[in-house]
>>> print(open('data_8.cif').read())   # mmCIF, C-alpha atoms
data_structure
#
loop_
_atom_site.label_atom_id
_atom_site.label_comp_id
_atom_site.auth_asym_id
_atom_site.auth_seq_id
_atom_site.Cartn_x
_atom_site.Cartn_y
_atom_site.Cartn_z
CA TYR Z 1 121.64 -95.28 86.03
CA SER Z 2 121.69 -92.49 88.60
CA THR Z 3 122.00 -89.67 86.07
CA ASP Z 4 120.50 -88.35 82.85
CA ARG Z 5 121.19 -89.77 79.40
CA PRO Z 6 124.09 -87.37 78.56
CA TYR Z 7 126.00 -88.56 81.63
CA GLY Z 8 125.72 -92.30 81.19
CA GLY Z 9 123.09 -93.28 78.69
CA SER Z 10 120.22 -94.00 81.07
CA SER Z 11 116.79 -92.67 80.21
CA GLY Z 12 115.62 -92.69 83.83
CA PHE Z 13 112.81 -94.61 85.46
CA GLN Z 14 109.17 -93.98 86.27
CA THR Z 15 109.10 -92.43 89.73
CA GLY Z 16 105.80 -93.80 90.94
CA SER Z 17 104.31 -92.10 93.98
CA THR Z 18 107.47 -90.16 94.84
CA TYR Z 19 106.11 -87.65 92.30
CA LYS Z 20 103.06 -87.00 94.51
CA ILE Z 21 105.02 -84.48 96.55
CA PHE Z 22 104.64 -81.96 93.72
CA THR Z 23 100.85 -82.24 93.84
CA LEU Z 24 101.14 -81.75 97.61
CA ALA Z 25 103.30 -78.65 97.06
CA GLU Z 26 100.83 -77.18 94.56
CA TRP Z 27 97.91 -78.06 96.86
CA LEU Z 28 99.52 -76.02 99.64
CA SER Z 29 100.52 -73.17 97.34
CA LYS Z 30 96.88 -72.74 96.28
CA GLY Z 31 95.72 -72.27 99.86
CA HIS Z 32 94.64 -75.79 100.74
CA THR Z 33 95.81 -77.21 104.06
CA LEU Z 34 97.17 -80.43 105.51
CA ASN Z 35 94.06 -81.23 107.54
CA GLU Z 36 91.65 -80.51 104.72
CA HIS Z 37 89.84 -83.72 103.83
CA VAL Z 38 90.09 -85.30 100.40
CA ASP Z 39 87.95 -87.89 98.64
CA GLY Z 40 89.75 -91.20 98.25
CA ARG Z 41 86.96 -93.16 96.59
CA ILE Z 42 87.78 -95.19 93.51
CA LYS Z 43 86.02 -93.78 90.46
CA GLU Z 44 86.42 -93.25 86.75
CA TRP Z 45 87.43 -89.70 85.90
CA ASN Z 46 86.49 -87.86 82.72
CA ASN Z 47 89.79 -86.19 81.92
CA ALA Z 48 88.28 -83.36 79.90
CA THR Z 49 85.67 -82.30 82.44
CA ASP Z 50 87.15 -83.35 85.78
CA PHE Z 51 90.64 -81.88 85.38
CA SER Z 52 92.09 -78.52 84.32
CA SER Z 53 95.04 -78.16 81.96
CA ARG Z 54 96.07 -74.75 80.64
CA CYS Z 55 98.84 -76.26 78.51
CA GLY Z 56 97.02 -78.90 76.50
CA GLU Z 57 93.73 -80.61 75.74
CA LEU Z 58 92.71 -83.59 77.84
CA VAL Z 59 90.80 -86.55 76.43
CA GLY Z 60 89.66 -89.98 77.52
CA THR Z 61 88.97 -91.39 80.96
CA TRP Z 62 91.15 -92.49 83.86
CA ALA Z 63 90.39 -94.94 86.66
CA PRO Z 64 93.29 -95.07 89.13
CA GLY Z 65 93.28 -97.83 91.71
CA ASN Z 66 94.64 -98.25 95.22
CA ASP Z 67 96.10 -100.96 97.35
CA ALA Z 68 93.45 -102.87 99.27
CA ASN Z 69 91.55 -101.34 102.20
CA GLU Z 70 92.62 -97.73 101.67
CA PRO Z 71 90.39 -95.19 103.47
CA GLU Z 72 87.92 -93.13 101.44
CA ASP Z 73 87.77 -90.07 103.69
CA LEU Z 74 91.15 -88.76 104.84
CA ASN Z 75 93.18 -85.59 105.11
CA ALA Z 76 96.19 -84.56 103.03
CA ILE Z 77 98.69 -85.80 105.62
CA GLN Z 78 97.07 -89.23 105.72
CA ALA Z 79 96.85 -89.32 101.92
CA THR Z 80 100.60 -88.67 101.75
CA ALA Z 81 101.53 -91.09 104.53
CA LEU Z 82 99.47 -93.92 103.02
CA SER Z 83 100.16 -92.88 99.40
CA VAL Z 84 96.50 -93.14 98.37
CA ASN Z 85 96.34 -92.75 94.58
CA THR Z 86 92.68 -91.79 94.42
CA ALA Z 87 93.12 -89.11 97.07
CA PHE Z 88 95.85 -87.48 95.00
CA ALA Z 89 93.66 -87.72 91.90
CA TYR Z 90 91.06 -85.75 93.85
CA MET Z 91 93.65 -83.19 94.96
CA ALA Z 92 94.86 -82.79 91.37
CA SER Z 93 91.28 -82.26 90.20
CA LYS Z 94 91.19 -79.12 92.36
CA LEU Z 95 94.39 -77.79 90.74
CA ASP Z 96 95.79 -77.35 87.23
CA LEU Z 97 97.85 -80.25 85.91
CA CYS Z 98 100.24 -77.85 84.20
CA ASP Z 99 100.83 -76.05 87.51
CA ILE Z 100 101.72 -79.40 89.09
CA ARG Z 101 104.17 -80.05 86.25
CA ASP Z 102 105.67 -76.60 86.69
CA MET Z 103 105.96 -77.15 90.44
CA ALA Z 104 108.04 -80.25 89.72
CA LYS Z 105 110.20 -78.19 87.37
CA ARG Z 106 110.80 -75.62 90.10
CA PHE Z 107 112.38 -78.43 92.10
CA GLY Z 108 114.61 -79.28 89.14
CA VAL Z 109 112.62 -82.29 87.96
CA HIS Z 110 113.05 -83.16 84.29
CA ARG Z 111 112.95 -86.28 82.20
CA ALA Z 112 116.26 -88.10 81.97
CA ASP Z 113 115.88 -88.44 78.19
CA GLY Z 114 115.57 -84.68 77.74
CA ASN Z 115 111.95 -84.69 76.61
CA GLU Z 116 109.27 -82.50 78.15
CA LEU Z 117 107.52 -83.71 81.31
CA VAL Z 118 104.09 -85.07 80.42
CA SER Z 119 101.22 -83.57 82.37
CA TYR Z 120 98.04 -85.55 81.74
CA PRO Z 121 96.17 -86.87 84.80
CA ALA Z 122 98.10 -90.12 85.27
CA SER Z 123 101.35 -88.14 85.40
CA ILE Z 124 100.64 -87.11 88.99
CA LEU Z 125 101.27 -90.73 90.01
CA GLY Z 126 104.77 -90.73 88.54
CA ILE Z 127 104.85 -91.95 84.95
CA ASN Z 128 107.63 -89.56 83.87
CA GLU Z 129 111.02 -91.26 83.66
CA VAL Z 130 113.44 -89.41 85.92
CA ALA Z 131 116.97 -90.05 87.16
CA PRO Z 132 117.50 -90.90 90.86
CA LEU Z 133 119.93 -87.96 91.19
CA THR Z 134 117.18 -85.61 90.03
CA MET Z 135 114.76 -86.88 92.67
CA ALA Z 136 117.41 -86.68 95.40
CA ALA Z 137 118.09 -83.05 94.47
CA ALA Z 138 114.37 -82.25 94.40
CA LEU Z 139 113.86 -83.60 97.91
CA ALA Z 140 116.96 -81.76 99.07
CA GLY Z 141 115.11 -78.63 98.00
CA VAL Z 142 112.27 -79.49 100.38
CA ALA Z 143 114.74 -80.10 103.21
CA ASN Z 144 116.54 -76.84 102.35
CA LYS Z 145 113.52 -74.73 103.32
CA GLY Z 146 112.24 -74.70 99.74
CA VAL Z 147 115.52 -73.69 98.10
CA TYR Z 148 116.45 -75.97 95.21
CA CYS Z 149 120.12 -76.17 94.19
CA THR Z 150 121.33 -77.86 91.03
CA PRO Z 151 123.48 -80.89 91.85
CA ILE Z 152 127.21 -80.78 91.07
CA ALA Z 153 129.66 -83.67 90.88
CA ILE Z 154 132.98 -81.79 91.13
CA ASP Z 155 134.01 -79.64 94.08
CA ARG Z 156 137.48 -78.59 92.90
CA VAL Z 157 140.03 -79.23 90.16
CA VAL Z 158 143.64 -78.38 91.08
CA VAL Z 159 146.49 -78.30 88.56
CA ARG Z 160 149.22 -80.49 90.01
CA GLU Z 161 152.17 -78.47 88.75
CA THR Z 162 150.95 -74.99 89.58
CA LYS Z 163 148.49 -75.75 92.38
CA SER Z 164 146.09 -73.39 90.65
CA GLU Z 165 142.40 -74.19 90.43
CA ILE Z 166 140.40 -74.62 87.27
CA SER Z 167 136.85 -73.32 87.23
CA VAL Z 168 134.20 -75.98 87.74
CA PRO Z 169 130.41 -75.85 87.38
CA LYS Z 170 128.73 -74.06 90.24
CA SER Z 171 125.46 -75.00 91.86
CA ILE Z 172 122.67 -72.57 91.10
CA CYS Z 173 120.06 -72.14 93.84
CA THR Z 174 116.51 -70.85 93.46
CA GLN Z 175 113.53 -70.58 95.80
CA ALA Z 176 111.16 -73.30 94.58
CA VAL Z 177 108.55 -72.74 97.29
CA SER Z 178 108.37 -70.64 100.43
CA PRO Z 179 109.96 -71.96 103.62
CA GLU Z 180 106.46 -72.29 105.05
CA ILE Z 181 105.25 -74.53 102.20
CA ALA Z 182 108.43 -76.60 102.46
CA ALA Z 183 107.79 -77.03 106.20
CA ALA Z 184 104.21 -78.14 105.53
CA MET Z 185 105.39 -80.61 102.87
CA THR Z 186 107.93 -81.95 105.34
CA LYS Z 187 105.29 -82.39 108.04
CA ALA Z 188 103.24 -84.60 105.71
CA MET Z 189 106.33 -86.47 104.53
CA LYS Z 190 107.44 -87.18 108.10
CA ALA Z 191 104.24 -89.20 108.44
CA VAL Z 192 105.42 -91.42 105.57
CA ILE Z 193 108.28 -92.71 107.73
CA ASN Z 194 106.47 -92.41 111.04
CA GLY Z 195 103.76 -95.00 110.49
CA GLY Z 196 103.24 -94.68 106.74
CA THR Z 197 104.44 -96.55 103.67
CA GLY Z 198 108.07 -95.71 104.44
CA GLY Z 199 108.10 -97.08 107.97
CA ALA Z 200 110.59 -99.80 107.02
CA SER Z 201 113.13 -97.06 106.22
CA ALA Z 202 113.15 -95.62 109.75
CA THR Z 203 116.74 -95.49 110.98
CA GLY Z 204 115.92 -95.74 114.68
CA ASP Z 205 118.60 -93.22 115.67
CA ASN Z 206 116.23 -90.38 116.65
CA THR Z 207 117.21 -88.32 113.60
CA PRO Z 208 114.13 -86.50 112.26
CA LEU Z 209 113.41 -87.86 108.78
CA ALA Z 210 110.85 -87.28 106.04
CA GLY Z 211 110.32 -89.06 102.76
CA LYS Z 212 108.11 -90.53 100.08
CA THR Z 213 107.86 -94.01 98.67
CA GLY Z 214 107.12 -94.91 95.08
CA THR Z 215 106.01 -98.07 93.33
CA THR Z 216 105.06 -98.26 89.66
CA ASP Z 217 102.39 -100.50 88.17
CA ALA Z 218 102.96 -104.16 89.00
CA GLY Z 219 105.97 -103.30 91.16
CA VAL Z 220 108.36 -103.02 88.21
CA HIS Z 221 110.15 -100.04 89.78
CA THR Z 222 110.35 -99.20 93.49
CA TRP Z 223 111.70 -96.07 95.16
CA MET Z 224 112.47 -94.71 98.58
CA THR Z 225 113.29 -91.03 98.67
CA GLY Z 226 113.78 -88.93 101.75
CA PHE Z 227 115.89 -86.60 103.80
CA SER Z 228 117.10 -85.33 107.13
CA SER Z 229 117.76 -81.63 107.62
CA LYS Z 230 121.26 -82.26 106.22
CA VAL Z 231 121.16 -85.11 103.68
CA SER Z 232 118.80 -86.20 100.91
CA THR Z 233 118.90 -89.71 99.43
CA ALA Z 234 116.97 -91.36 96.61
CA VAL Z 235 117.06 -95.13 96.18
CA TRP Z 236 115.67 -96.84 93.10
CA VAL Z 237 115.40 -100.63 92.78
CA GLY Z 238 113.86 -101.85 89.56
CA ASN Z 239 114.19 -103.24 86.08
CA VAL Z 240 116.81 -101.96 83.64
CA SER Z 241 115.04 -104.01 80.99
CA GLY Z 242 111.96 -106.18 81.16
CA ASP Z 243 109.13 -105.86 83.64
CA VAL Z 244 109.67 -108.37 86.44
CA SER Z 245 107.55 -107.52 89.48
CA LEU Z 246 109.73 -106.96 92.52
CA ARG Z 247 106.79 -108.12 94.62
CA LYS Z 248 107.28 -111.64 93.29
CA ILE Z 249 111.03 -112.11 93.75
CA ASN Z 250 113.58 -112.18 96.56
CA LEU Z 251 116.95 -110.44 96.51
CA ASN Z 252 119.54 -111.74 98.97
CA GLY Z 253 116.81 -113.19 101.13
CA LYS Z 254 114.72 -110.01 101.14
CA LYS Z 255 111.46 -109.44 99.32
CA GLY Z 256 112.31 -107.46 96.22
CA SER Z 257 109.83 -104.70 96.93
CA THR Z 258 111.40 -104.01 100.35
CA VAL Z 259 115.05 -103.86 99.29
CA ARG Z 260 114.76 -100.09 98.69
CA HIS Z 261 114.12 -99.65 102.41
CA GLU Z 262 117.12 -101.80 103.37
CA ILE Z 263 119.40 -99.70 101.17
CA TRP Z 264 117.97 -96.30 102.12
CA ARG Z 265 118.01 -97.06 105.84
CA THR Z 266 121.63 -98.26 105.71
CA ILE Z 267 122.79 -95.20 103.77
CA MET Z 268 120.94 -92.75 105.99
CA LYS Z 269 122.20 -94.33 109.21
CA SER Z 270 125.75 -93.59 108.08
CA ALA Z 271 124.80 -90.15 106.77
CA ASN Z 272 123.14 -89.28 110.07
CA LYS Z 273 126.36 -90.05 111.92
CA ALA Z 274 128.47 -87.97 109.56
CA TYR Z 275 125.97 -85.12 109.18
CA PRO Z 276 123.70 -85.06 112.24
CA GLY Z 277 120.29 -83.73 111.38
CA VAL Z 278 118.16 -81.45 113.54
CA GLU Z 279 114.41 -81.10 113.95
CA PHE Z 280 112.53 -79.65 110.98
CA ASP Z 281 110.71 -76.33 111.17
CA GLU Z 282 107.00 -76.50 111.93
CA PRO Z 283 104.67 -74.97 109.33
CA PRO Z 284 102.35 -72.13 110.33
CA GLN Z 285 99.07 -73.30 111.83
CA SER Z 286 97.23 -71.75 108.88
CA MET Z 287 98.74 -74.42 106.63
CA ILE Z 288 97.72 -77.22 108.99
CA ASP Z 289 94.20 -76.40 110.11
CA ALA Z 290 91.30 -76.91 107.74
CA GLN Z 291 88.40 -74.53 107.42
CA MET Z 292 85.52 -75.92 109.47
CA VAL Z 293 81.91 -75.99 108.26
CA THR Z 294 78.58 -77.13 109.70
CA VAL Z 295 76.81 -80.09 108.13
CA PRO Z 296 73.46 -78.76 106.87
CA ALA Z 297 70.05 -80.23 107.69
CA VAL Z 298 68.92 -82.13 104.59
CA ALA Z 299 66.47 -84.70 106.02
CA GLY Z 300 63.36 -84.88 103.85
CA LEU Z 301 65.08 -83.55 100.73
CA VAL Z 302 65.45 -85.58 97.57
CA PRO Z 303 69.02 -86.92 97.20
CA ASP Z 304 70.03 -84.54 94.40
CA ALA Z 305 69.00 -81.47 96.39
CA ALA Z 306 70.72 -82.76 99.51
CA THR Z 307 73.90 -83.45 97.56
CA GLN Z 308 73.88 -79.94 96.12
CA ASN Z 309 73.36 -78.32 99.53
CA ILE Z 310 76.21 -80.30 101.06
CA ALA Z 311 78.56 -79.82 98.10
CA ALA Z 312 77.99 -76.06 98.25
CA LEU Z 313 79.91 -76.12 101.55
CA ASN Z 314 82.90 -77.89 99.94
CA LEU Z 315 81.96 -81.19 101.52
CA ASN Z 316 81.98 -84.51 99.68
CA THR Z 317 78.97 -86.80 99.62
CA LYS Z 318 78.33 -90.52 99.43
CA ILE Z 319 74.84 -91.92 99.03
CA ILE Z 320 74.43 -95.19 100.92
CA VAL Z 321 72.74 -97.78 98.71
CA ASN Z 322 70.83 -99.68 101.40
CA GLN Z 323 67.77 -97.68 102.42
CA VAL Z 324 66.81 -97.26 106.08
CA GLY Z 325 63.56 -97.06 107.98
CA SER Z 326 62.66 -93.44 108.70
CA THR Z 327 59.85 -91.03 109.39
CA GLN Z 328 60.88 -89.19 106.23
CA PRO Z 329 59.01 -90.04 103.01
CA ALA Z 330 60.40 -92.98 101.07
CA GLY Z 331 63.08 -91.92 98.61
CA THR Z 332 64.07 -88.78 100.51
CA VAL Z 333 66.99 -88.28 102.87
CA ALA Z 334 66.53 -89.94 106.26
CA TYR Z 335 69.68 -88.56 107.90
CA THR Z 336 73.40 -88.02 107.37
CA ARG Z 337 76.58 -89.17 109.06
CA PRO Z 338 78.13 -87.03 110.41
CA LYS Z 339 74.72 -85.74 111.47
CA SER Z 340 73.37 -82.30 110.67
CA GLY Z 341 74.83 -79.62 112.91
CA SER Z 342 78.20 -81.38 113.20
CA VAL Z 343 81.23 -79.15 112.61
CA VAL Z 344 83.71 -80.86 110.27
CA PRO Z 345 86.73 -79.96 108.08
CA VAL Z 346 86.02 -78.97 104.48
CA GLY Z 347 86.29 -81.95 102.19
CA THR Z 348 84.85 -84.37 104.76
CA GLN Z 349 82.75 -87.16 103.28
CA ILE Z 350 79.11 -86.88 104.34
CA LYS Z 351 77.21 -90.15 104.05
CA ILE Z 352 73.61 -89.70 102.95
CA TYR Z 353 71.11 -92.35 104.07
CA ILE Z 354 67.91 -92.67 102.03
CA SER Z 355 64.57 -93.37 103.68
CA LYS Z 356 62.39 -96.34 102.79
CA GLY Z 357 59.63 -94.83 104.94
CA GLY Z 358 57.57 -96.96 107.31
CA PHE Z 359 58.73 -95.30 110.51
CA THR Z 360 56.58 -93.14 112.78
CA GLN Z 361 57.47 -91.04 115.79
CA VAL Z 362 55.91 -92.35 119.00
CA PRO Z 363 53.60 -89.63 120.41
CA ASN Z 364 53.66 -88.55 124.05
CA VAL Z 365 50.69 -90.09 125.85
CA ASN Z 366 51.79 -89.43 129.44
CA GLY Z 367 48.90 -88.69 131.78
CA MET Z 368 46.26 -90.27 129.54
CA SER Z 369 44.07 -93.19 130.46
CA VAL Z 370 44.90 -96.52 128.86
CA ALA Z 371 41.93 -96.13 126.51
CA GLU Z 372 42.90 -92.57 125.49
CA ALA Z 373 46.53 -93.57 124.97
CA THR Z 374 45.50 -96.53 122.83
CA VAL Z 375 43.30 -94.35 120.60
CA THR Z 376 46.06 -91.74 120.24
CA LEU Z 377 48.69 -94.32 119.34
CA ASN Z 378 46.37 -96.06 116.88
CA ALA Z 379 45.67 -92.72 115.23
CA ALA Z 380 49.40 -92.06 114.96
CA GLY Z 381 49.80 -95.24 112.94
CA PHE Z 382 50.57 -97.87 115.58
CA PRO Z 383 47.91 -100.60 115.38
CA THR Z 384 49.34 -102.75 118.16
CA VAL Z 385 49.15 -101.19 121.64
CA SER Z 386 49.33 -103.29 124.81
CA ALA Z 387 48.70 -102.54 128.47
CA PRO Z 388 50.78 -104.58 130.90
CA GLN Z 389 49.52 -107.53 132.91
CA PRO Z 390 49.78 -107.27 136.72
CA SER Z 391 52.62 -109.78 136.64
CA GLN Z 392 54.72 -107.45 134.48
CA GLY Z 393 56.13 -105.44 137.34
CA ASP Z 394 58.63 -103.51 135.24
CA PHE Z 395 55.76 -101.73 133.49
CA PHE Z 396 54.31 -100.27 136.73
CA VAL Z 397 56.24 -97.38 138.26
CA HIS Z 398 55.70 -94.76 140.95
CA ASP Z 399 55.18 -91.21 139.70
CA PRO Z 400 54.35 -88.25 141.98
CA THR Z 401 52.52 -86.28 139.27
CA ILE Z 402 50.48 -88.86 137.36
CA PRO Z 403 47.54 -90.63 139.03
CA ALA Z 404 47.65 -94.35 139.56
CA GLY Z 405 46.26 -96.27 136.59
CA SER Z 406 47.15 -93.58 134.06
CA VAL Z 407 49.88 -93.92 131.46
CA VAL Z 408 53.30 -92.67 132.56
CA GLY Z 409 55.28 -93.69 129.47
CA THR Z 410 55.73 -96.08 126.59
CA LYS Z 411 58.25 -98.56 125.30
CA PRO Z 412 59.62 -97.50 122.82
CA ALA Z 413 59.72 -94.06 124.42
CA ALA Z 414 57.86 -91.00 123.19
CA GLY Z 415 59.73 -89.15 120.44
CA LYS Z 416 61.51 -92.21 119.12
CA ALA Z 417 61.03 -93.08 115.45
CA VAL Z 418 60.19 -96.75 115.06
CA ASP Z 419 58.70 -99.11 112.52
CA SER Z 420 54.94 -98.57 112.40
CA ALA Z 421 54.45 -102.31 112.78
CA SER Z 422 56.17 -102.23 116.16
CA ALA Z 423 54.13 -103.08 119.25
CA ILE Z 424 53.86 -100.18 121.69
CA LEU Z 425 53.84 -101.22 125.35
CA LEU Z 426 52.28 -98.85 127.89
CA VAL Z 427 53.92 -98.06 131.23
CA ILE Z 428 51.38 -97.46 134.02
CA SER Z 429 51.67 -95.15 137.02
CA LYS Z 430 51.39 -96.57 140.54
CA GLY Z 431 50.90 -93.05 141.85
CA PRO Z 432 53.19 -91.37 144.41
#
>>> encode(input="data_8.cif", output="structure tokens")
Amino acid sequence: YSTDRPYGGSSGFQTGSTYKIFTLAEWLSKGHTLNEHVDGRIKEWNNATDFSSRCGELVGTWAPGNDANEPEDLNAIQATALSVNTAFAYMASKLDLCDIRDMAKRFGVHRADGNELVSYPASILGINEVAPLTMAAALAGVANKGVYCTPIAIDRVVVRETKSEISVPKSICTQAVSPEIAAAMTKAMKAVINGGTGGASATGDNTPLAGKTGTTDAGVHTWMTGFSSKVSTAVWVGNVSGDVSLRKINLNGKKGSTVRHEIWRTIMKSANKAYPGVEFDEPPQSMIDAQMVTVPAVAGLVPDAATQNIAALNLNTKIIVNQVGSTQPAGTVAYTRPKSGSVVPVGTQIKIYISKGGFTQVPNVNGMSVAEATVTLNAAGFPTVSAPQPSQGDFFVHDPTIPAGSVVGTKPAAGKAVDSASAILLVISKGP
């Protein structure tokens, strides 16, 4: 089962999310960075209009899901560490699906049955059936500073009588990606084991490790793939026939879906002793840092215009359904979060809050008489204005510049936007 059909009859297995590393590689090769934010919201994609494919027509729709409670706004490292399907769908929508397929090919990935890799949108989540040996060799290419080498099974063949050697197949090595891209991929994949979905595979021996988990629909096939600087290992645990969910069974007292981690961790502990790994190279900062942009001021705009202004800066938007009280006209934008003027990474999700109106800004009435302040506040749209009673000591304060008996402030304070139905309480000066 570890090899292709010609070497044992197996047709391979769907790789699940282990295949996401090729979208990550293509993302980096096209100038995107690890800290660039991606949109992880669940949505239905129109394949023909939302994705690019230079090698074939796309039809239909696609609605990938996630595990529960996945974040919507995250960067590429977090998307890799948590294996967020919808985030990778977003990343793929910014690329060409055929380029992602070709990136996988550069790492030696091919279907175990000899057919061509499929490249429609769902393929980025690992529907191609691939042999474990192929995935181990692909990840070895990442560990090997982007150099992929074809796997070989025979080191030497020696003729017993003559001691001469017979020629054996040689490994052929090619540069799949630059060392810098490989280092950036590795940085994201380290997060898989250090706090991500592959945490159960951590060996605990201080050997730097990186990897990627994979689980197919309903947990029929599970994978743990990963590497040190010296050794790459791919573990598949799944169904040879049938479609039993590994999430629903136990194997030797372990939950079926976690057995991959038990096997991978055990193998890599031994491998780390025999072939001690060293720290991975760090990628250049230009592949880590995201371009930063300033959130524009869109308060008072209609939602469509606000969305266009924000999207023009390569930011994502989310309109919040529940409207909020605001001084802006009902139906227009009240404010955003992050707020206008904030500096954020490209791709960040900007939440747009829509005004239901009804709020008014409290005017400044400092220095006015109680009567003047009341008239001013009434004219501003506040019908309920109250002067304090003598017993309300908190509403009488000393002020060196405003005469006793005049207004020194309000509660709510001047400049604050509040519901027009709110009562405005006057604060009175006691003089110096």
>>> atom_distance(input="data_8.cif", atom1="CA of Thr376 in chain Z", atom2="CA of Pro329 in chain Z")
21.6 Å
>>> atom_distance(input="data_8.cif", atom1="CA of Cys149 in chain Z", atom2="CA of Val109 in chain Z")
11.5 Å
>>> closest_residue(input="data_8.cif", among="Z:Ala312, Z:Ala202, Z:Val344, Z:Ala210", to="Thr266 in chain Z", atoms="only C-alpha atoms")
Z:Ala202
>>> closest_residue(input="data_8.cif", among="Z:Glu36, Z:Glu44, Z:Glu165, Z:Asp102", to="Asp73 in chain Z", atoms="only C-alpha atoms")
Z:Glu36
>>> closest_residue(input="data_8.cif", among="Z:Thr174, Z:Thr203, Z:Ser355, Z:Ser167", to="Thr150 in chain Z", atoms="all atoms listed in the file")
Z:Thr174
>>> resolve_selection(input="data_8.cif", expression="the PyMOL selection byres ((chain Z and resi 317) around 10)", output="PDB file with C-alpha atoms, in the frame of the given file")
ATOM      1  CA  ASP Z  39      87.950 -87.890  98.640  1.00  0.00           C
ATOM      2  CA  ALA Z 306      70.720 -82.760  99.510  1.00  0.00           C
ATOM      3  CA  THR Z 307      73.900 -83.450  97.560  1.00  0.00           C
ATOM      4  CA  GLN Z 308      73.880 -79.940  96.120  1.00  0.00           C
ATOM      5  CA  ILE Z 310      76.210 -80.300 101.060  1.00  0.00           C
ATOM      6  CA  ALA Z 311      78.560 -79.820  98.100  1.00  0.00           C
ATOM      7  CA  ASN Z 314      82.900 -77.890  99.940  1.00  0.00           C
ATOM      8  CA  LEU Z 315      81.960 -81.190 101.520  1.00  0.00           C
ATOM      9  CA  ASN Z 316      81.980 -84.510  99.680  1.00  0.00           C
ATOM     10  CA  LYS Z 318      78.330 -90.520  99.430  1.00  0.00           C
ATOM     11  CA  ILE Z 319      74.840 -91.920  99.030  1.00  0.00           C
ATOM     12  CA  ILE Z 320      74.430 -95.190 100.920  1.00  0.00           C
ATOM     13  CA  THR Z 336      73.400 -88.020 107.370  1.00  0.00           C
ATOM     14  CA  GLY Z 347      86.290 -81.950 102.190  1.00  0.00           C
ATOM     15  CA  THR Z 348      84.850 -84.370 104.760  1.00  0.00           C
ATOM     16  CA  GLN Z 349      82.750 -87.160 103.280  1.00  0.00           C
ATOM     17  CA  ILE Z 350      79.110 -86.880 104.340  1.00  0.00           C
ATOM     18  CA  LYS Z 351      77.210 -90.150 104.050  1.00  0.00           C
ATOM     19  CA  ILE Z 352      73.610 -89.700 102.950  1.00  0.00           C
TER      20      ILE Z 352
END
>>> resolve_selection(input="data_8.cif", expression="the PyMOL selection byres ((chain Z and resi 208) around 10)", output="JSON, numbers by chain")
{"Z": [190, 193, 194, 202, 203, 204, 205, 206, 207, 209, 210, 227, 228, 229, 272, 276, 277, 278, 279, 280]}
>>> resolve_selection(input="data_8.cif", expression="the PyMOL selection byres ((chain Z and resi 155) around 9)", output="PyMOL selection string")
chain Z and resi 152-154+156-157+168-170
>>> closest_residue(input="data_8.cif", among="Z:Ser245, Z:Val362, Z:Met185, Z:Thr258", to="Ser201 in chain Z", atoms="only C-alpha atoms")
Z:Thr258
>>> residues_around(input="data_8.cif", residues="range 32-35 of chain Z", least_positions_apart="2", cutoff="7 Å", atoms="all atoms listed in the file", output="PyMOL selection string")
chain Z and resi 27-28+30+37+75-77+287-290
>>> residues_around(input="data_8.cif", residues="range 83-96 of chain Z", least_positions_apart="2", cutoff="6 Å", atoms="only C-alpha atoms", output="JSON, numbers by chain")
{"Z": [38, 39, 40, 51, 52, 53, 66, 79, 80, 81, 98, 99]}
>>> atom_distance(input="data_8.cif", atom1="CA of Leu97 in chain Z", atom2="CA of Arg54 in chain Z")
7.8 Å
